[in-house]
$ cat protein36.txt   # compact mmCIF, C-alpha atoms
# COMPACT_ATOMS: atom_id res chain seq x y z
CA MET A 1 239.61 65.72 113.75
CA ALA A 2 241.81 62.65 113.45
CA GLY A 3 244.60 64.36 115.25
CA ARG A 4 245.01 62.71 118.63
CA PRO A 5 248.02 60.46 119.00
CA SER A 6 247.02 56.84 118.69
CA GLY A 7 249.75 55.84 121.10
CA ARG A 8 247.57 56.96 124.04
CA ARG A 9 245.98 53.94 125.64
CA PRO A 10 243.27 54.55 128.22
CA GLY A 11 242.16 51.70 130.52
CA VAL A 12 239.43 49.24 129.58
CA SER A 13 236.40 51.22 130.74
CA GLY A 14 238.11 54.41 129.61
CA THR A 15 238.59 52.93 126.14
CA ARG A 16 234.93 52.09 125.76
CA GLU A 17 233.89 55.54 126.98
CA ALA A 18 236.41 57.25 124.68
CA ILE A 19 235.02 55.32 121.70
CA LEU A 20 231.46 56.22 122.64
CA ALA A 21 232.32 59.90 123.05
CA ALA A 22 234.16 60.06 119.72
CA ALA A 23 231.35 58.20 117.94
CA ARG A 24 228.69 60.45 119.47
CA HIS A 25 230.55 63.51 118.25
CA LEU A 26 231.31 62.25 114.73
CA PHE A 27 227.85 60.76 114.06
CA SER A 28 226.14 63.96 115.11
CA GLU A 29 228.49 66.16 113.10
CA GLN A 30 228.76 64.08 109.94
CA GLY A 31 225.88 61.64 109.98
CA PHE A 32 226.10 57.88 109.66
CA ASP A 33 227.34 57.51 106.08
CA ARG A 34 230.34 59.78 106.32
CA THR A 35 231.59 58.52 109.66
CA THR A 36 234.05 55.63 109.59
CA ILE A 37 235.21 53.22 112.28
CA ARG A 38 238.73 54.41 111.47
CA GLN A 39 237.82 58.04 112.24
CA VAL A 40 236.12 57.07 115.49
CA ALA A 41 239.20 55.10 116.52
CA ALA A 42 241.54 57.97 115.63
CA ASP A 43 239.44 60.49 117.56
CA ALA A 44 239.26 58.15 120.53
CA GLY A 45 243.00 57.52 120.38
CA VAL A 46 242.62 53.75 120.07
CA ASP A 47 243.26 51.10 117.44
CA PRO A 48 240.33 50.41 115.03
CA THR A 49 240.37 46.74 116.04
CA LEU A 50 239.29 47.82 119.55
CA VAL A 51 236.19 49.53 118.11
CA HIS A 52 235.28 46.28 116.36
CA HIS A 53 236.06 44.36 119.54
CA TYR A 54 233.71 46.42 121.70
CA PHE A 55 230.92 47.21 119.22
CA GLY A 56 231.13 44.79 116.29
CA SER A 57 229.91 47.04 113.50
CA LYS A 58 229.35 50.70 112.70
CA GLN A 59 225.62 50.11 112.88
CA ARG A 60 225.81 48.65 116.39
CA LEU A 61 228.08 51.48 117.47
CA PHE A 62 225.54 53.95 116.11
CA VAL A 63 222.64 52.38 117.98
CA ALA A 64 224.74 52.39 121.16
CA VAL A 65 225.38 56.13 121.07
CA VAL A 66 222.42 57.75 119.37
CA GLY A 67 219.20 57.89 121.28
CA LEU A 68 216.52 60.52 121.60
CA PRO A 69 218.00 63.52 123.47
CA PHE A 70 215.28 63.51 126.12
CA ASP A 71 213.60 61.21 128.61
CA SER A 72 210.50 59.96 126.82
CA ALA A 73 208.63 58.98 129.99
CA HIS A 74 209.10 62.49 131.34
CA VAL A 75 207.93 64.09 128.09
CA VAL A 76 204.88 61.82 127.94
CA ASP A 77 203.95 62.87 131.49
CA ARG A 78 204.28 66.55 130.65
CA VAL A 79 202.33 66.29 127.39
CA LEU A 80 199.52 64.34 129.05
CA SER A 81 199.19 66.59 132.11
CA GLY A 82 196.53 69.27 131.80
CA ASP A 83 193.63 69.96 129.49
CA PRO A 84 193.14 67.14 126.92
CA ASP A 85 192.36 69.80 124.30
CA GLY A 86 195.88 71.11 124.80
CA VAL A 87 197.74 67.85 124.17
CA GLY A 88 198.51 68.77 120.52
CA GLY A 89 199.81 72.17 121.59
CA ARG A 90 202.01 70.69 124.33
CA LEU A 91 203.37 68.04 121.95
CA ALA A 92 204.03 70.67 119.25
CA GLY A 93 205.70 72.90 121.85
CA PHE A 94 207.90 70.04 122.91
CA VAL A 95 209.05 68.99 119.42
CA VAL A 96 209.61 72.53 118.14
CA GLY A 97 211.53 73.31 121.33
CA ALA A 98 213.67 70.18 121.07
CA LEU A 99 214.59 71.24 117.52
CA GLU A 100 215.44 74.79 118.66
CA ASP A 101 217.99 73.68 121.23
CA PRO A 102 221.31 73.32 119.35
CA ASP A 103 222.52 70.19 121.11
CA SER A 104 219.26 68.28 120.98
CA ARG A 105 218.67 69.47 117.38
CA ARG A 106 222.06 68.04 116.37
CA ARG A 107 221.18 64.67 117.86
CA LEU A 108 217.64 64.58 116.43
CA LEU A 109 218.75 65.57 112.94
CA GLY A 110 221.61 63.08 113.13
CA LEU A 111 219.04 60.40 113.84
CA VAL A 112 216.74 61.49 111.01
CA ARG A 113 219.67 61.69 108.58
CA ALA A 114 220.92 58.27 109.64
CA ALA A 115 217.44 56.76 109.32
CA VAL A 116 217.46 57.73 105.65
CA SER A 117 220.40 55.48 104.83
CA GLU A 118 220.68 53.04 107.70
CA PRO A 119 218.03 50.40 108.52
CA GLY A 120 219.28 50.09 112.11
CA ALA A 121 218.82 53.80 112.68
CA ALA A 122 215.39 53.71 111.02
CA ALA A 123 214.38 50.87 113.33
CA MET A 124 215.52 52.83 116.36
CA LEU A 125 213.67 55.96 115.25
CA ARG A 126 210.51 53.91 114.71
CA GLU A 127 210.69 52.36 118.17
CA ARG A 128 211.77 55.36 120.19
CA LEU A 129 209.62 57.95 118.49
CA THR A 130 206.42 56.09 117.74
CA GLU A 131 206.34 53.50 120.53
CA ASP A 132 208.10 55.08 123.50
CA LEU A 133 206.88 58.63 122.91
CA LEU A 134 203.92 59.11 120.59
CA GLY A 135 202.24 55.76 121.15
CA ARG A 136 202.18 56.42 124.89
CA VAL A 137 200.74 59.89 124.36
CA ALA A 138 197.99 58.50 122.11
CA SER A 139 197.25 55.64 124.54
CA GLY A 140 197.38 58.02 127.50
CA ILE A 141 194.55 60.16 126.20
CA GLY A 142 192.48 57.03 125.55
CA ALA A 143 192.32 57.36 121.76
CA ASP A 144 191.25 54.50 119.52
CA ARG A 145 194.00 53.06 117.26
CA PRO A 146 196.80 54.75 119.23
CA GLU A 147 199.57 53.14 117.14
CA TYR A 148 198.22 54.60 113.91
CA ARG A 149 197.64 58.01 115.49
CA ALA A 150 201.22 57.93 116.79
CA THR A 151 202.55 57.35 113.27
CA LEU A 152 200.46 60.19 111.82
CA CYS A 153 201.98 62.49 114.46
CA ALA A 154 205.43 61.07 113.66
CA SER A 155 204.95 61.95 109.98
CA GLN A 156 204.28 65.61 110.81
CA MET A 157 207.10 65.79 113.36
CA ILE A 158 209.71 64.15 111.10
CA GLY A 159 208.49 66.34 108.24
CA LEU A 160 208.84 69.46 110.36
CA ALA A 161 212.42 68.52 111.25
CA MET A 162 213.19 67.83 107.59
CA ALA A 163 211.48 70.87 106.09
CA ARG A 164 212.51 73.43 108.73
CA HIS A 165 216.00 72.21 109.62
CA VAL A 166 217.35 69.84 106.95
CA VAL A 167 215.92 71.04 103.63
CA GLY A 168 215.46 74.53 105.05
CA VAL A 169 212.31 75.62 103.23
CA GLU A 170 211.54 79.30 103.66
CA PRO A 171 209.71 81.00 105.23
CA LEU A 172 209.07 78.00 107.51
CA ALA A 173 212.75 77.73 108.43
CA SER A 174 212.90 81.28 109.80
CA THR A 175 209.42 81.51 111.32
CA PRO A 176 209.58 82.07 115.10
CA PRO A 177 209.13 78.83 117.04
CA GLN A 178 205.99 79.95 118.87
CA LEU A 179 204.20 80.58 115.56
CA VAL A 180 205.24 77.18 114.20
CA VAL A 181 203.97 75.59 117.42
CA ALA A 182 200.63 77.35 117.03
CA ASP A 183 200.24 76.29 113.38
CA ILE A 184 201.33 72.66 113.91
CA ALA A 185 199.43 72.12 117.18
CA PRO A 186 195.94 71.64 115.62
CA THR A 187 197.38 69.00 113.25
CA LEU A 188 198.78 66.94 116.14
CA GLN A 189 195.61 67.49 118.17
CA ARG A 190 193.51 66.21 115.27
CA TYR A 191 195.75 63.19 114.66
CA LEU A 192 195.54 62.32 118.36
CA THR A 193 191.87 62.90 119.05
CA ALA A 194 189.67 63.41 115.95
CA PRO A 195 187.69 60.58 114.31
CA LEU A 196 189.87 58.71 111.81
CA ALA A 197 188.87 57.76 108.29
CA ASP A 198 187.59 54.26 107.76
CA VAL A 199 186.97 52.25 104.62
CA THR A 200 183.35 53.33 104.42
CA THR A 201 184.11 57.08 104.52
CA ALA A 202 187.45 57.28 102.71
CA GLY A 203 186.21 56.68 99.16
CA THR A 204 185.30 60.29 98.48
CA ALA A 205 188.23 62.01 100.18
CA GLY A 206 190.81 61.35 97.49
CA SER A 207 188.56 62.60 94.74
CA GLY A 208 187.94 65.96 96.31
CA ARG A 209 185.70 66.18 99.36
CA MET B 1 226.12 47.50 87.56
CA ALA B 2 229.56 48.69 86.44
CA GLY B 3 229.78 45.93 83.92
CA ARG B 4 229.48 47.44 80.45
CA PRO B 5 232.64 47.60 78.37
CA SER B 6 234.11 51.06 78.54
CA GLY B 7 235.46 50.68 75.00
CA ARG B 8 232.00 51.39 73.54
CA ARG B 9 231.84 54.99 72.32
CA PRO B 10 228.48 56.41 71.33
CA GLY B 11 228.25 59.68 69.35
CA VAL B 12 228.24 63.10 71.01
CA SER B 13 224.51 63.43 71.69
CA GLY B 14 224.35 59.71 72.42
CA THR B 15 227.11 60.12 75.00
CA ARG B 16 225.27 62.83 76.87
CA GLU B 17 222.04 60.83 76.84
CA ALA B 18 223.84 57.67 77.95
CA ILE B 19 225.38 59.54 80.90
CA LEU B 20 222.00 60.99 81.87
CA ALA B 21 220.30 57.59 81.68
CA ALA B 22 223.00 55.91 83.76
CA ALA B 23 222.96 58.73 86.32
CA ARG B 24 219.18 58.69 86.58
CA HIS B 25 219.25 54.96 87.26
CA LEU B 26 222.10 55.02 89.79
CA PHE B 27 220.91 58.08 91.74
CA SER B 28 217.43 56.65 92.09
CA GLU B 29 218.69 53.22 93.13
CA GLN B 30 221.53 54.26 95.44
CA GLY B 31 220.94 57.89 96.32
CA PHE B 32 223.39 60.74 95.92
CA ASP B 33 226.10 59.77 98.41
CA ARG B 34 226.74 56.26 97.19
CA THR B 35 226.77 57.07 93.49
CA THR B 36 230.12 57.99 91.96
CA ILE B 37 231.05 59.67 88.69
CA ARG B 38 233.13 56.58 87.98
CA GLN B 39 230.08 54.29 88.31
CA VAL B 40 227.98 56.53 86.10
CA ALA B 41 230.72 56.54 83.46
CA ALA B 42 231.10 52.75 83.61
CA ASP B 43 227.33 52.21 83.28
CA ALA B 44 227.17 54.67 80.38
CA GLY B 45 230.14 53.01 78.72
CA VAL B 46 232.17 56.22 78.58
CA ASP B 47 235.33 57.56 80.16
CA PRO B 48 234.85 59.43 83.51
CA THR B 49 236.52 62.53 82.00
CA LEU B 50 233.56 62.81 79.62
CA VAL B 51 231.14 62.98 82.55
CA HIS B 52 233.19 65.83 83.99
CA HIS B 53 233.36 67.43 80.54
CA TYR B 54 229.58 67.45 80.07
CA PHE B 55 228.38 68.02 83.63
CA GLY B 56 231.23 69.40 85.70
CA SER B 57 230.43 67.85 89.06
CA LYS B 58 228.34 65.11 90.61
CA GLN B 59 226.04 67.75 92.08
CA ARG B 60 225.38 69.34 88.70
CA LEU B 61 224.80 65.93 87.16
CA PHE B 62 222.31 65.20 89.91
CA VAL B 63 220.38 68.40 89.37
CA ALA B 64 220.33 67.69 85.61
CA VAL B 65 218.69 64.29 85.99
CA VAL B 66 216.53 64.39 89.08
CA GLY B 67 213.40 66.45 88.91
CA LEU B 68 209.92 65.90 90.26
CA PRO B 69 208.38 62.94 88.42
CA PHE B 70 205.34 64.93 87.29
CA ASP B 71 204.40 68.12 85.50
CA SER B 72 203.83 70.65 88.29
CA ALA B 73 201.68 73.00 86.19
CA HIS B 74 199.36 70.13 85.34
CA VAL B 75 199.12 69.01 88.97
CA VAL B 76 198.41 72.58 90.13
CA ASP B 77 195.57 72.83 87.60
CA ARG B 78 194.05 69.55 88.75
CA VAL B 79 194.36 70.38 92.45
CA LEU B 80 192.81 73.82 91.96
CA SER B 81 189.91 72.69 89.77
CA GLY B 82 186.69 72.02 91.66
CA ASP B 83 185.36 72.79 95.11
CA PRO B 84 187.82 74.93 97.16
CA ASP B 85 186.92 72.83 100.22
CA GLY B 86 188.35 69.83 98.38
CA VAL B 87 191.78 71.27 97.61
CA GLY B 88 193.41 69.52 100.61
CA GLY B 89 191.84 66.21 99.58
CA ARG B 90 192.97 66.55 95.98
CA LEU B 91 196.50 67.51 97.05
CA ALA B 92 196.63 64.61 99.52
CA GLY B 93 195.33 62.27 96.82
CA PHE B 94 198.00 63.47 94.46
CA VAL B 95 200.95 63.09 96.85
CA VAL B 96 199.87 59.73 98.28
CA GLY B 97 199.28 58.50 94.72
CA ALA B 98 202.67 59.73 93.51
CA LEU B 99 204.27 57.80 96.36
CA GLU B 100 202.29 54.64 95.53
CA ASP B 101 203.52 54.45 91.94
CA PRO B 102 206.84 52.52 92.05
CA ASP B 103 208.66 54.61 89.47
CA SER B 104 207.62 58.00 90.76
CA ARG B 105 208.16 56.84 94.37
CA ARG B 106 211.73 55.87 93.52
CA ARG B 107 212.41 59.31 92.09
CA LEU B 108 210.69 61.19 94.92
CA LEU B 109 212.46 59.22 97.64
CA GLY B 110 215.76 59.60 95.78
CA LEU B 111 215.23 63.33 95.91
CA VAL B 112 214.33 63.35 99.61
CA ARG B 113 217.30 61.11 100.43
CA ALA B 114 219.65 63.31 98.40
CA ALA B 115 218.30 66.47 100.03
CA VAL B 116 219.41 65.12 103.40
CA SER B 117 223.08 65.10 102.43
CA GLU B 118 223.38 67.36 99.41
CA PRO B 119 222.73 71.13 99.48
CA GLY B 120 222.12 71.21 95.71
CA ALA B 121 219.42 68.59 96.01
CA ALA B 122 217.90 70.36 99.00
CA ALA B 123 217.78 73.59 96.99
CA MET B 124 216.07 71.84 94.11
CA LEU B 125 213.52 70.20 96.41
CA ARG B 126 212.78 73.59 97.98
CA GLU B 127 212.24 75.26 94.62
CA ARG B 128 210.34 72.55 92.81
CA LEU B 129 208.15 71.45 95.69
CA THR B 130 207.39 74.68 97.50
CA GLU B 131 207.57 77.24 94.69
CA ASP B 132 206.50 75.40 91.52
CA LEU B 133 203.90 73.19 93.15
CA LEU B 134 202.67 74.15 96.59
CA GLY B 135 203.20 77.91 96.34
CA ARG B 136 201.08 77.99 93.20
CA VAL B 137 198.34 75.96 94.84
CA ALA B 138 198.29 78.32 97.84
CA SER B 139 198.35 81.39 95.61
CA GLY B 140 195.74 79.89 93.32
CA ILE B 141 193.15 79.59 96.06
CA GLY B 142 193.86 83.18 97.09
CA ALA B 143 195.25 82.42 100.55
CA ASP B 144 197.18 84.99 102.56
CA ARG B 145 200.90 84.21 103.07
CA PRO B 146 200.93 81.54 100.34
CA GLU B 147 204.70 80.90 100.68
CA TYR B 148 204.38 80.02 104.36
CA ARG B 149 201.31 77.86 103.75
CA ALA B 150 203.21 76.06 100.99
CA THR B 151 206.03 75.21 103.39
CA LEU B 152 203.63 73.92 106.05
CA CYS B 153 202.15 71.61 103.40
CA ALA B 154 205.66 70.63 102.33
CA SER B 155 206.50 69.63 105.90
CA GLN B 156 203.55 67.22 106.05
CA MET B 157 204.22 65.84 102.56
CA ILE B 158 207.94 65.29 103.12
CA GLY B 159 207.16 63.80 106.52
CA LEU B 160 204.63 61.43 104.99
CA ALA B 161 207.20 60.25 102.44
CA MET B 162 209.77 59.80 105.21
CA ALA B 163 207.52 58.09 107.77
CA ARG B 164 205.57 55.86 105.37
CA HIS B 165 208.24 54.97 102.82
CA VAL B 166 211.74 55.67 104.19
CA VAL B 167 211.56 55.01 107.94
CA GLY B 168 208.59 52.69 107.44
CA VAL B 169 206.65 53.37 110.65
CA GLU B 170 203.81 50.92 111.18
CA PRO B 171 200.86 50.85 110.89
CA LEU B 172 201.13 53.99 108.70
CA ALA B 173 203.38 52.23 106.18
CA SER B 174 200.82 49.51 105.48
CA THR B 175 197.63 51.58 105.74
CA PRO B 176 195.70 51.62 102.43
CA PRO B 177 196.40 54.79 100.43
CA GLN B 178 192.79 56.01 100.41
CA LEU B 179 192.71 56.01 104.22
CA VAL B 180 195.98 57.92 104.44
CA VAL B 181 194.60 60.43 101.94
CA ALA B 182 191.50 60.89 104.06
CA ASP B 183 193.48 61.39 107.27
CA ILE B 184 196.07 63.76 105.74
CA ALA B 185 193.61 65.81 103.65
CA PRO B 186 192.23 67.96 106.50
CA THR B 187 195.79 68.87 107.53
CA LEU B 188 196.64 70.16 104.05
CA GLN B 189 193.25 71.87 103.77
CA ARG B 190 193.86 73.66 107.05
CA TYR B 191 197.42 74.67 106.14
CA LEU B 192 196.11 76.09 102.84
CA THR B 193 192.95 77.85 103.99
CA ALA B 194 192.57 78.22 107.78
CA PRO B 195 193.61 81.37 109.66
CA LEU B 196 197.28 81.22 110.62
CA ALA B 197 198.75 82.02 114.01
CA ASP B 198 200.13 85.49 114.50
CA VAL B 199 202.29 86.96 117.21
CA THR B 200 199.31 88.16 119.21
CA THR B 201 197.63 84.74 119.36
CA ALA B 202 200.62 82.40 119.47
CA GLY B 203 201.70 83.05 123.03
CA THR B 204 199.31 80.58 124.59
CA ALA B 205 199.65 77.79 122.01
CA GLY B 206 202.93 76.38 123.27
CA SER B 207 201.68 76.16 126.80
CA GLY B 208 198.65 74.13 125.99
CA ARG B 209 195.73 75.78 124.19
$ encode --input "protein36.txt" --output "structure tokens"
Amino acid sequence: MAGRPSGRRPGVSGTREAILAAARHLFSEQGFDRTTIRQVAADAGVDPTLVHHYFGSKQRLFVAVVGLPFDSAHVVDRVLSGDPDGVGGRLAGFVVGALEDPDSRRRLLGLVRAAVSEPGAAAMLRERLTEDLLGRVASGIGADRPEYRATLCASQMIGLAMARHVVGVEPLASTPPQLVVADIAPTLQRYLTAPLADVTTAGTAGSGR
Amino acid sequence: MAGRPSGRRPGVSGTREAILAAARHLFSEQGFDRTTIRQVAADAGVDPTLVHHYFGSKQRLFVAVVGLPFDSAHVVDRVLSGDPDGVGGRLAGFVVGALEDPDSRRRLLGLVRAAVSEPGAAAMLRERLTEDLLGRVASGIGADRPEYRATLCASQMIGLAMARHVVGVEPLASTPPQLVVADIAPTLQRYLTAPLADVTTAGTAGSGR
């Protein structure tokens, strides 16, 4: 992993790209905590001081390389097109599918893992997932309180990634994707479109209604 | 944090207890990855070899000290007592409440954080949360496929802990607990009691129904 000769010196733009490629690989394989600037430099075949020169800190390097592995605007369009009653199903289909694909799963789980220990990664996950993706879906269907609805959806989606792919709870982890989509879809549909609790109705819910 | 004199030598049972207390504190404050046997030993005022002697490895020490911060059997009884239509609300009330209490939140989030990087912690979270707690709730109300229902509930509960308390997505993170309970309750109720998807009905769900 740290095997390339450090004597190799690519040009300026090549150096930056080599650092980004090495960082992308190491962060997705090992997560944020276990990846070091020194490892990234070794894999990129450059001196560690160059990594600091171009990116400043491990956190800034992380934010530079790890994004959501899809085009949010495109996903929002797809989820919003068609029957409004199907928006939860289309969103569930999208997230379960993104977690089935090995490459996009690696990047998504890397982001979730990093968000657990790294405030910069948590901030990025908050913005990209709830604002760019889910907030636009909730706004697009004309729901009230779209920001809150987006975060309820985010809780189920992050929890699905954690339970199915990180913690690996069975039988959820081995349930075929189309069944998971079907069972999660009504939750997302309800978070996006059903009436939300308010202070006048919530009093009884915790005690058992 | 690593400040106590290592010359202090408590008795045999005192040593074990001192190691457990130090480990409990450090794991909950720093998580699994950042806590070292050396730190635990220093905080307990013992030699690191004694930690290895009593507990073998960091992973086994972790499993020895970190459990769910409540008595699962008691929680299952409380969640199952009363109107079956209220089981989702009582379960939501319990989990949101456990995450509101500072001490039990610290332990729960420590466990979730550890599960992200540590297979032993992930295994414990799987067993304690899905088998001891949620599986018994699902079995107790007589649902079909209780293990799968338990893991669907686990996904929403872990996701709530992650989104509200670890990633801190707003406005979910600052929404009053009783409103979160009311909005999450129908999800848990549905996962526990509603008909589940099967292979004959799931085909259309991903594409929009």
$ closest_residue --input "protein36.txt" --among "B:Leu133, B:Ala18, B:Leu152, B:Leu192" --to "chain A" --atoms "all atoms listed in the file"
B:Leu152
$ interface_residues --input "protein36.txt" --of "chain A" --to "chain B" --cutoff "8 Å" --atoms "all atoms listed in the file" --output "ChimeraX atom specification"
/A:82-83,85-90,92-93,113,115-117,119,122-123,125-126,130,147-148,151-152,154-160,162-164,166-172,178-179,181-183,185,187,191,196-199,202-203,205-209
$ write_last_selection --input "protein36.txt" --atoms "C-alpha atoms" --output "PDB file, in the frame of the given file"
ATOM      1  CA  GLY A  82     196.530  69.270 131.800  1.00  0.00           C
ATOM      2  CA  ASP A  83     193.630  69.960 129.490  1.00  0.00           C
ATOM      3  CA  ASP A  85     192.360  69.800 124.300  1.00  0.00           C
ATOM      4  CA  GLY A  86     195.880  71.110 124.800  1.00  0.00           C
ATOM      5  CA  VAL A  87     197.740  67.850 124.170  1.00  0.00           C
ATOM      6  CA  GLY A  88     198.510  68.770 120.520  1.00  0.00           C
ATOM      7  CA  GLY A  89     199.810  72.170 121.590  1.00  0.00           C
ATOM      8  CA  ARG A  90     202.010  70.690 124.330  1.00  0.00           C
ATOM      9  CA  ALA A  92     204.030  70.670 119.250  1.00  0.00           C
ATOM     10  CA  GLY A  93     205.700  72.900 121.850  1.00  0.00           C
ATOM     11  CA  ARG A 113     219.670  61.690 108.580  1.00  0.00           C
ATOM     12  CA  ALA A 115     217.440  56.760 109.320  1.00  0.00           C
ATOM     13  CA  VAL A 116     217.460  57.730 105.650  1.00  0.00           C
ATOM     14  CA  SER A 117     220.400  55.480 104.830  1.00  0.00           C
ATOM     15  CA  PRO A 119     218.030  50.400 108.520  1.00  0.00           C
ATOM     16  CA  ALA A 122     215.390  53.710 111.020  1.00  0.00           C
ATOM     17  CA  ALA A 123     214.380  50.870 113.330  1.00  0.00           C
ATOM     18  CA  LEU A 125     213.670  55.960 115.250  1.00  0.00           C
ATOM     19  CA  ARG A 126     210.510  53.910 114.710  1.00  0.00           C
ATOM     20  CA  THR A 130     206.420  56.090 117.740  1.00  0.00           C
ATOM     21  CA  GLU A 147     199.570  53.140 117.140  1.00  0.00           C
ATOM     22  CA  TYR A 148     198.220  54.600 113.910  1.00  0.00           C
ATOM     23  CA  THR A 151     202.550  57.350 113.270  1.00  0.00           C
ATOM     24  CA  LEU A 152     200.460  60.190 111.820  1.00  0.00           C
ATOM     25  CA  ALA A 154     205.430  61.070 113.660  1.00  0.00           C
ATOM     26  CA  SER A 155     204.950  61.950 109.980  1.00  0.00           C
ATOM     27  CA  GLN A 156     204.280  65.610 110.810  1.00  0.00           C
ATOM     28  CA  MET A 157     207.100  65.790 113.360  1.00  0.00           C
ATOM     29  CA  ILE A 158     209.710  64.150 111.100  1.00  0.00           C
ATOM     30  CA  GLY A 159     208.490  66.340 108.240  1.00  0.00           C
ATOM     31  CA  LEU A 160     208.840  69.460 110.360  1.00  0.00           C
ATOM     32  CA  MET A 162     213.190  67.830 107.590  1.00  0.00           C
ATOM     33  CA  ALA A 163     211.480  70.870 106.090  1.00  0.00           C
ATOM     34  CA  ARG A 164     212.510  73.430 108.730  1.00  0.00           C
ATOM     35  CA  VAL A 166     217.350  69.840 106.950  1.00  0.00           C
ATOM     36  CA  VAL A 167     215.920  71.040 103.630  1.00  0.00           C
ATOM     37  CA  GLY A 168     215.460  74.530 105.050  1.00  0.00           C
ATOM     38  CA  VAL A 169     212.310  75.620 103.230  1.00  0.00           C
ATOM     39  CA  GLU A 170     211.540  79.300 103.660  1.00  0.00           C
ATOM     40  CA  PRO A 171     209.710  81.000 105.230  1.00  0.00           C
ATOM     41  CA  LEU A 172     209.070  78.000 107.510  1.00  0.00           C
ATOM     42  CA  GLN A 178     205.990  79.950 118.870  1.00  0.00           C
ATOM     43  CA  LEU A 179     204.200  80.580 115.560  1.00  0.00           C
ATOM     44  CA  VAL A 181     203.970  75.590 117.420  1.00  0.00           C
ATOM     45  CA  ALA A 182     200.630  77.350 117.030  1.00  0.00           C
ATOM     46  CA  ASP A 183     200.240  76.290 113.380  1.00  0.00           C
ATOM     47  CA  ALA A 185     199.430  72.120 117.180  1.00  0.00           C
ATOM     48  CA  THR A 187     197.380  69.000 113.250  1.00  0.00           C
ATOM     49  CA  TYR A 191     195.750  63.190 114.660  1.00  0.00           C
ATOM     50  CA  LEU A 196     189.870  58.710 111.810  1.00  0.00           C
ATOM     51  CA  ALA A 197     188.870  57.760 108.290  1.00  0.00           C
ATOM     52  CA  ASP A 198     187.590  54.260 107.760  1.00  0.00           C
ATOM     53  CA  VAL A 199     186.970  52.250 104.620  1.00  0.00           C
ATOM     54  CA  ALA A 202     187.450  57.280 102.710  1.00  0.00           C
ATOM     55  CA  GLY A 203     186.210  56.680  99.160  1.00  0.00           C
ATOM     56  CA  ALA A 205     188.230  62.010 100.180  1.00  0.00           C
ATOM     57  CA  GLY A 206     190.810  61.350  97.490  1.00  0.00           C
ATOM     58  CA  SER A 207     188.560  62.600  94.740  1.00  0.00           C
ATOM     59  CA  GLY A 208     187.940  65.960  96.310  1.00  0.00           C
ATOM     60  CA  ARG A 209     185.700  66.180  99.360  1.00  0.00           C
TER      61      ARG A 209
END
$ residues_around --input "protein36.txt" --residues "stretch 57-62 of chain A" --least-positions-apart "6" --cutoff "12 Å" --atoms "only C-alpha atoms" --output "PyMOL selection string"
chain A and resi 16-17+19-28+31-41+48-51+107+110-111+114-115+117-124
$ write_last_selection --input "protein36.txt" --atoms "C-alpha atoms" --output "JSON list (two decimals), in the frame of the given file"
[["chain", "number", "residue", "atom", "x", "y", "z"],
["A", 16, "ARG", "CA", 234.93, 52.09, 125.76],
["A", 17, "GLU", "CA", 233.89, 55.54, 126.98],
["A", 19, "ILE", "CA", 235.02, 55.32, 121.70],
["A", 20, "LEU", "CA", 231.46, 56.22, 122.64],
["A", 21, "ALA", "CA", 232.32, 59.90, 123.05],
["A", 22, "ALA", "CA", 234.16, 60.06, 119.72],
["A", 23, "ALA", "CA", 231.35, 58.20, 117.94],
["A", 24, "ARG", "CA", 228.69, 60.45, 119.47],
["A", 25, "HIS", "CA", 230.55, 63.51, 118.25],
["A", 26, "LEU", "CA", 231.31, 62.25, 114.73],
["A", 27, "PHE", "CA", 227.85, 60.76, 114.06],
["A", 28, "SER", "CA", 226.14, 63.96, 115.11],
["A", 31, "GLY", "CA", 225.88, 61.64, 109.98],
["A", 32, "PHE", "CA", 226.10, 57.88, 109.66],
["A", 33, "ASP", "CA", 227.34, 57.51, 106.08],
["A", 34, "ARG", "CA", 230.34, 59.78, 106.32],
["A", 35, "THR", "CA", 231.59, 58.52, 109.66],
["A", 36, "THR", "CA", 234.05, 55.63, 109.59],
["A", 37, "ILE", "CA", 235.21, 53.22, 112.28],
["A", 38, "ARG", "CA", 238.73, 54.41, 111.47],
["A", 39, "GLN", "CA", 237.82, 58.04, 112.24],
["A", 40, "VAL", "CA", 236.12, 57.07, 115.49],
["A", 41, "ALA", "CA", 239.20, 55.10, 116.52],
["A", 48, "PRO", "CA", 240.33, 50.41, 115.03],
["A", 49, "THR", "CA", 240.37, 46.74, 116.04],
["A", 50, "LEU", "CA", 239.29, 47.82, 119.55],
["A", 51, "VAL", "CA", 236.19, 49.53, 118.11],
["A", 107, "ARG", "CA", 221.18, 64.67, 117.86],
["A", 110, "GLY", "CA", 221.61, 63.08, 113.13],
["A", 111, "LEU", "CA", 219.04, 60.40, 113.84],
["A", 114, "ALA", "CA", 220.92, 58.27, 109.64],
["A", 115, "ALA", "CA", 217.44, 56.76, 109.32],
["A", 117, "SER", "CA", 220.40, 55.48, 104.83],
["A", 118, "GLU", "CA", 220.68, 53.04, 107.70],
["A", 119, "PRO", "CA", 218.03, 50.40, 108.52],
["A", 120, "GLY", "CA", 219.28, 50.09, 112.11],
["A", 121, "ALA", "CA", 218.82, 53.80, 112.68],
["A", 122, "ALA", "CA", 215.39, 53.71, 111.02],
["A", 123, "ALA", "CA", 214.38, 50.87, 113.33],
["A", 124, "MET", "CA", 215.52, 52.83, 116.36]]
$ atom_distance --input "protein36.txt" --atom1 "atom CA of A:Ile141" --atom2 "atom CA of A:Val66"
28.8 Å
$ atom_distance --input "protein36.txt" --atom1 "atom CA of B:Asp71" --atom2 "atom CA of B:Thr193"
23.8 Å
